[in-house]
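Raw contents of start-v9.txt, compact mmCIF, C-alpha atoms:
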# COMPACT_ATOMS: atom_id res chain seq x y z
CA MET A 825 -6.49 -3.18 -16.13
CA SER A 826 -3.13 -2.15 -14.69
CA ASP A 827 -4.28 1.43 -14.11
CA ALA A 828 -7.55 0.41 -12.45
CA ASP A 829 -8.31 2.07 -9.16
CA LEU A 830 -10.42 0.73 -6.35
CA GLN A 831 -13.48 2.66 -7.46
CA THR A 832 -13.29 1.11 -10.93
CA VAL A 833 -12.98 -2.36 -9.42
CA GLU A 834 -15.93 -1.67 -7.13
CA ASP A 835 -17.97 -0.52 -10.14
CA ILE A 836 -17.08 -3.73 -11.99
CA ARG A 837 -18.01 -5.83 -8.93
CA ARG A 838 -21.40 -4.10 -8.75
CA GLN A 839 -22.04 -4.59 -12.49
CA VAL A 840 -21.12 -8.28 -12.36
CA GLU A 841 -23.30 -8.85 -9.31
CA GLN A 842 -26.27 -7.06 -10.90
CA SER A 843 -25.88 -9.02 -14.13
CA LEU A 844 -26.28 -12.38 -12.37
CA PRO A 845 -29.77 -13.90 -12.50
CA PRO A 846 -31.45 -13.63 -9.06
CA THR A 847 -31.99 -17.39 -8.92
CA LEU A 848 -28.26 -17.96 -9.45
CA VAL A 849 -27.42 -15.47 -6.69
CA GLU A 850 -29.78 -17.30 -4.31
CA THR A 851 -28.32 -20.69 -5.26
CA MET A 852 -24.79 -19.40 -4.69
CA ARG A 853 -25.72 -17.94 -1.29
CA ALA A 854 -27.44 -21.16 -0.25
CA ALA A 855 -24.32 -23.12 -1.24
CA GLY A 856 -22.04 -20.65 0.55
CA LEU A 857 -20.30 -19.64 -2.69
CA SER A 858 -19.17 -16.34 -4.13
CA LEU A 859 -17.32 -15.13 -7.20
CA ARG A 860 -13.96 -13.49 -6.60
CA LEU A 861 -12.53 -10.72 -8.77
CA GLY A 862 -8.75 -10.65 -8.92
CA SER A 863 -5.81 -9.71 -11.08
CA ALA A 864 -5.66 -11.32 -14.50
CA SER A 865 -1.94 -11.82 -13.91
CA GLY A 866 -2.71 -14.09 -10.95
CA PRO A 867 -2.89 -17.88 -11.15
CA ILE A 868 -5.19 -19.32 -13.82
CA ILE A 869 -6.55 -22.09 -11.56
CA PRO A 870 -6.27 -21.06 -7.93
CA ALA A 871 -6.46 -23.55 -5.11
CA ILE A 872 -10.03 -24.44 -4.20
CA SER A 873 -9.67 -22.62 -0.87
CA ASP A 874 -8.71 -19.45 -2.78
CA ALA A 875 -11.42 -19.82 -5.41
CA VAL A 876 -14.37 -20.42 -3.12
CA SER A 877 -15.20 -18.19 -0.21
CA PHE A 878 -18.40 -17.13 1.47
CA VAL A 879 -19.43 -13.52 1.74
CA PRO A 880 -22.92 -13.24 3.23
CA SER A 881 -23.65 -9.71 2.02
CA SER A 882 -22.42 -10.06 -1.56
CA SER A 883 -22.36 -12.65 -4.33
CA VAL A 884 -19.33 -11.07 -5.97
CA MET A 885 -16.38 -9.93 -3.93
CA ILE A 886 -13.05 -8.25 -4.59
CA ASP A 887 -9.99 -10.34 -3.75
CA PRO A 888 -8.45 -8.54 -0.73
CA ASP A 889 -4.93 -9.17 -2.03
CA TYR A 890 -5.88 -7.55 -5.34
CA ALA A 891 -7.44 -4.58 -3.54
CA ASP A 892 -4.21 -4.21 -1.53
CA GLU A 893 -2.16 -4.36 -4.73
CA LEU A 894 -4.26 -1.58 -6.27
CA ALA A 895 -3.97 0.51 -3.11
CA GLU A 896 -0.18 0.08 -3.12
CA ARG A 897 -0.02 1.25 -6.75
CA GLU A 898 -2.14 4.25 -5.87
CA GLN A 899 0.12 5.01 -2.91
CA LEU A 900 3.23 4.90 -5.14
CA GLU A 901 1.74 7.72 -7.20
CA GLU A 902 1.36 9.89 -4.10
CA MET A 903 4.86 9.30 -2.70
CA VAL A 904 7.33 12.12 -2.35
CA SER A 905 11.04 11.46 -2.22
CA TYR A 906 13.73 13.17 -0.17
CA ARG A 907 17.47 12.71 -0.32
CA GLY A 908 20.08 13.27 2.36
CA ASP A 909 20.16 17.06 1.95
CA VAL A 910 16.67 17.12 3.53
CA THR A 911 16.69 14.03 5.77
CA GLY A 912 20.35 13.52 6.69
CA ILE A 913 19.94 9.84 5.72
CA ASP A 914 22.45 8.33 3.29
CA HIS A 915 19.67 6.82 1.11
CA THR A 916 16.53 8.30 -0.46
CA ILE A 917 13.39 8.20 1.69
CA PHE A 918 9.87 7.93 0.25
CA ILE A 919 6.96 9.33 2.24
CA SER A 920 3.30 9.02 1.34
CA PRO A 921 -0.15 9.58 2.72
CA ARG A 922 -2.27 6.53 3.56
CA ALA A 923 -4.12 6.34 0.24
CA ARG A 924 -6.42 3.29 0.46
CA THR A 925 -3.90 0.96 2.05
CA ARG A 926 -4.88 -1.19 5.00
CA HIS A 927 -1.43 -1.42 6.58
CA ALA A 928 0.00 0.68 9.40
CA PRO A 929 1.78 3.97 8.64
CA ARG A 930 5.20 3.43 7.07
CA ILE A 931 7.88 5.03 4.95
CA LYS A 932 10.15 3.48 2.34
CA VAL A 933 13.91 3.68 2.00
CA ALA A 934 15.76 3.13 -1.28
CA ILE A 935 18.11 0.18 -1.07
CA ASN A 936 19.60 -0.22 -4.52
CA PRO A 937 20.44 2.20 -5.94
CA PRO A 938 20.58 4.16 -2.69
CA ASP A 939 19.88 7.51 -4.39
CA SER A 940 16.96 6.27 -6.51
CA LEU A 941 13.97 8.55 -6.87
CA ASP A 942 11.82 5.65 -8.09
CA PRO A 943 9.68 4.21 -5.26
CA GLY A 944 9.16 1.14 -7.44
CA ALA A 945 12.89 0.33 -7.29
CA ARG A 946 14.44 -1.98 -4.67
CA THR A 947 13.20 -0.56 -1.36
CA SER A 948 12.27 -1.52 2.17
CA SER A 949 9.23 -0.40 4.13
CA ILE A 950 9.67 0.66 7.74
CA THR A 951 6.81 1.31 10.14
CA ILE A 952 6.45 4.75 11.66
CA HIS A 953 5.18 3.55 15.03
CA ASP A 954 8.15 1.31 15.92
CA GLY A 955 10.78 1.60 13.16
CA LYS A 956 10.65 -2.07 12.18
CA VAL A 957 11.27 -3.35 8.65
CA VAL A 958 8.02 -4.89 7.41
CA ALA A 959 8.59 -5.40 3.68
CA GLY A 960 11.21 -5.36 1.00
CA GLU A 961 14.95 -5.75 0.91
CA ASP A 962 17.32 -6.28 3.83
CA VAL A 963 18.34 -2.98 5.42
CA PRO A 964 21.94 -2.63 6.59
CA THR A 965 22.09 -1.98 10.34
CA ALA A 966 23.69 1.49 10.04
CA LEU A 967 21.03 2.60 7.54
CA LEU A 968 18.22 1.21 9.68
CA LYS A 969 19.52 3.19 12.65
CA GLN A 970 19.53 6.37 10.54
CA VAL A 971 15.95 5.75 9.38
CA GLN A 972 14.79 4.97 12.93
CA LYS A 973 16.39 8.19 14.19
CA PHE A 974 14.66 10.11 11.39
CA ILE A 975 11.31 8.52 12.25
CA THR A 976 11.71 9.32 15.96
CA LEU A 977 12.61 12.93 15.17
CA ASN A 978 9.75 13.35 12.68
CA ARG A 979 7.04 10.94 13.84
CA ASP A 980 4.37 13.63 14.37
CA VAL A 981 4.84 15.24 10.94
CA LEU A 982 5.02 11.84 9.21
CA LEU A 983 1.72 10.86 10.81
CA ASP A 984 0.16 14.22 9.96
CA TYR A 985 1.08 13.64 6.32
CA TRP A 986 -0.06 9.98 6.43
CA ASP A 987 -3.47 11.09 7.74
CA TYR A 988 -3.86 13.92 5.19
CA ARG A 989 -3.67 16.65 7.84
CA ILE A 990 -0.92 18.59 6.06
CA PRO A 991 0.03 19.12 2.40
CA THR A 992 3.38 18.18 0.88
CA ASN A 993 4.89 21.66 1.18
CA GLN A 994 4.25 21.63 4.96
CA LEU A 995 5.73 18.16 5.20
CA GLN A 996 9.00 19.38 3.71
CA GLU A 997 8.99 22.55 5.84
CA ARG A 998 8.51 20.56 9.05
CA LEU A 999 10.88 17.64 8.37
CA GLN A 1000 14.01 17.70 10.50
CA SER A 1001 17.32 16.30 9.32
CA ILE A 1002 19.10 13.80 11.56
CA LYS A 1003 22.29 15.81 10.93
CA GLN A 1004 21.46 19.03 12.75
I'd like the structure from this file rewritten - as C-alpha cells, please.
Amino acid sequence: MSDADLQTVEDIRRQVEQSLPPTLVETMRAAGLSLRLGSASGPIIPAISDAVSFVPSSSVMIDPDYADELAEREQLEEMVSYRGDVTGIDHTIFISPRARTRHAPRIKVAINPPDSLDPGARTSSITIHDGKVVAGEDVPTALLKQVQKFITLNRDVLLDYWDYRIPTNQLQERLQSIKQ
C-alpha cells in the first residue's frame, strides 16, 4: 500500500467501520476502544497506549502518524527543485505546495549530495515563517544563512505557492536569487 493516498485510506477506514457488527461497535464505544489503521511496516505489537485510543465519533480511525507519512509522500511528488542558477544558494532547494500536510509552510534544502534533484535524498526542512531547521540533516551555518536570506527575499511567493495561489511557472518567474 506504498502508493496509497489519503482518500484511499479514508475509503478503507469507512469500509472497515461499516463491516463491523453494530453490537461490536457499541461495545467498543462503551469500553472507550477504537481500531487504528496504520502502516504495515510499523511495529507488529505496538505499546498498549499506541494500540488503544478513544475516538468518540468513529470506531475505526487512521493513525495520525500514518496520515502524515502519506501526506509527506504526496508532497514529495509535488515538489519542484531549483539549483543555484535560480536561487543563488549553493545547494538545491525543493519547494512544494501544502498538499495534505499538517505542518507549517517549509522548504527543503539538499544536504548530501548538495546538487541532488531527489527530494527523497538527505535533506533538511526549513520553515518559511522563521527560517528555522525543523527536520532532517544538520545544516552548515553558511548554508543556513543563504537559505534564510532566500526565504526572506521570497517569503510572499513561497507562501503563494504553498497555498496554491500561483502555479509553478509563476513561482519560477517570481523567485529572486540571493545573488542579484
Could you list, with a cut-off of 9 Å and counting all atoms listed in the file, the residues of stretch 919-954 of chain A near stretch 968-982 of chain A, each shown with its nearest atom pair and the distance in Å rounded to one decimal, rows sorted by chain and ascending number, as a Markdown table?
| residue | atom | partner | partner_atom | distance |
| --- | --- | --- | --- | --- |
| A:Ile919 | CA | A:Leu982 | CA | 7.7 |
| A:Ser920 | CA | A:Leu982 | CA | 8.5 |
| A:Pro921 | CA | A:Leu982 | CA | 8.6 |
| A:Pro929 | CA | A:Leu982 | CA | 8.5 |
| A:Arg930 | CA | A:Leu982 | CA | 8.7 |
| A:Ile931 | CA | A:Leu982 | CA | 8.5 |
| A:Val933 | CA | A:Val971 | CA | 7.9 |
| A:Ile950 | CA | A:Val971 | CA | 8.2 |
| A:Thr951 | CA | A:Ile975 | CA | 8.8 |
| A:Ile952 | CA | A:Ile975 | CA | 6.2 |
| A:His953 | CA | A:Arg979 | CA | 7.7 |
| A:Asp954 | CA | A:Gln972 | CA | 8.2 |
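Residues in contact with A:Val910 at 12 Å, where only C-alpha atoms are counted and same-chain residues fewer than 4 positions away are skipped, are listed as Ser905, Tyr906, Asp914, His915, Thr916, Ile917, Phe918, Phe974, Leu995, Gln996, Glu997, Arg998, Leu999, Gln1000, Ser1001, Ile1002, Lys1003 and Gln1004 of chain A.
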Expected file: the selected residues, C-alpha atoms, as a PDB file, in the coordinates of the input:
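The resulting file, part_15.pdb, is reproduced below:
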ATOM      1  CA  SER A 905      11.040  11.460  -2.220  1.00  0.00           C
ATOM      2  CA  TYR A 906      13.730  13.170  -0.170  1.00  0.00           C
ATOM      3  CA  ASP A 914      22.450   8.330   3.290  1.00  0.00           C
ATOM      4  CA  HIS A 915      19.670   6.820   1.110  1.00  0.00           C
ATOM      5  CA  THR A 916      16.530   8.300  -0.460  1.00  0.00           C
ATOM      6  CA  ILE A 917      13.390   8.200   1.690  1.00  0.00           C
ATOM      7  CA  PHE A 918       9.870   7.930   0.250  1.00  0.00           C
ATOM      8  CA  PHE A 974      14.660  10.110  11.390  1.00  0.00           C
ATOM      9  CA  LEU A 995       5.730  18.160   5.200  1.00  0.00           C
ATOM     10  CA  GLN A 996       9.000  19.380   3.710  1.00  0.00           C
ATOM     11  CA  GLU A 997       8.990  22.550   5.840  1.00  0.00           C
ATOM     12  CA  ARG A 998       8.510  20.560   9.050  1.00  0.00           C
ATOM     13  CA  LEU A 999      10.880  17.640   8.370  1.00  0.00           C
ATOM     14  CA  GLN A1000      14.010  17.700  10.500  1.00  0.00           C
ATOM     15  CA  SER A1001      17.320  16.300   9.320  1.00  0.00           C
ATOM     16  CA  ILE A1002      19.100  13.800  11.560  1.00  0.00           C
ATOM     17  CA  LYS A1003      22.290  15.810  10.930  1.00  0.00           C
ATOM     18  CA  GLN A1004      21.460  19.030  12.750  1.00  0.00           C
TER      19      GLN A1004
END
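Between atom CA of A:Arg989 and atom CA of A:Ala934 the separation is 25.4 Å.
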### Message
I'd like the interatomic distance between atom CA of A:Glu834 and atom CA of A:Glu850, to a tenth of an Å.
### Response
21.1 Å
### Message
Distance cut-off 10 Å, centre (22.5, 9.8, -6.0) in file coordinates, counting all atoms listed in the file: which residues qualify? Return them as a list in words.
### Response
Arg907, Gly908, Asp914, His915, Thr916, Pro937, Pro938, Asp939, Ser940 and Leu941 of chain A
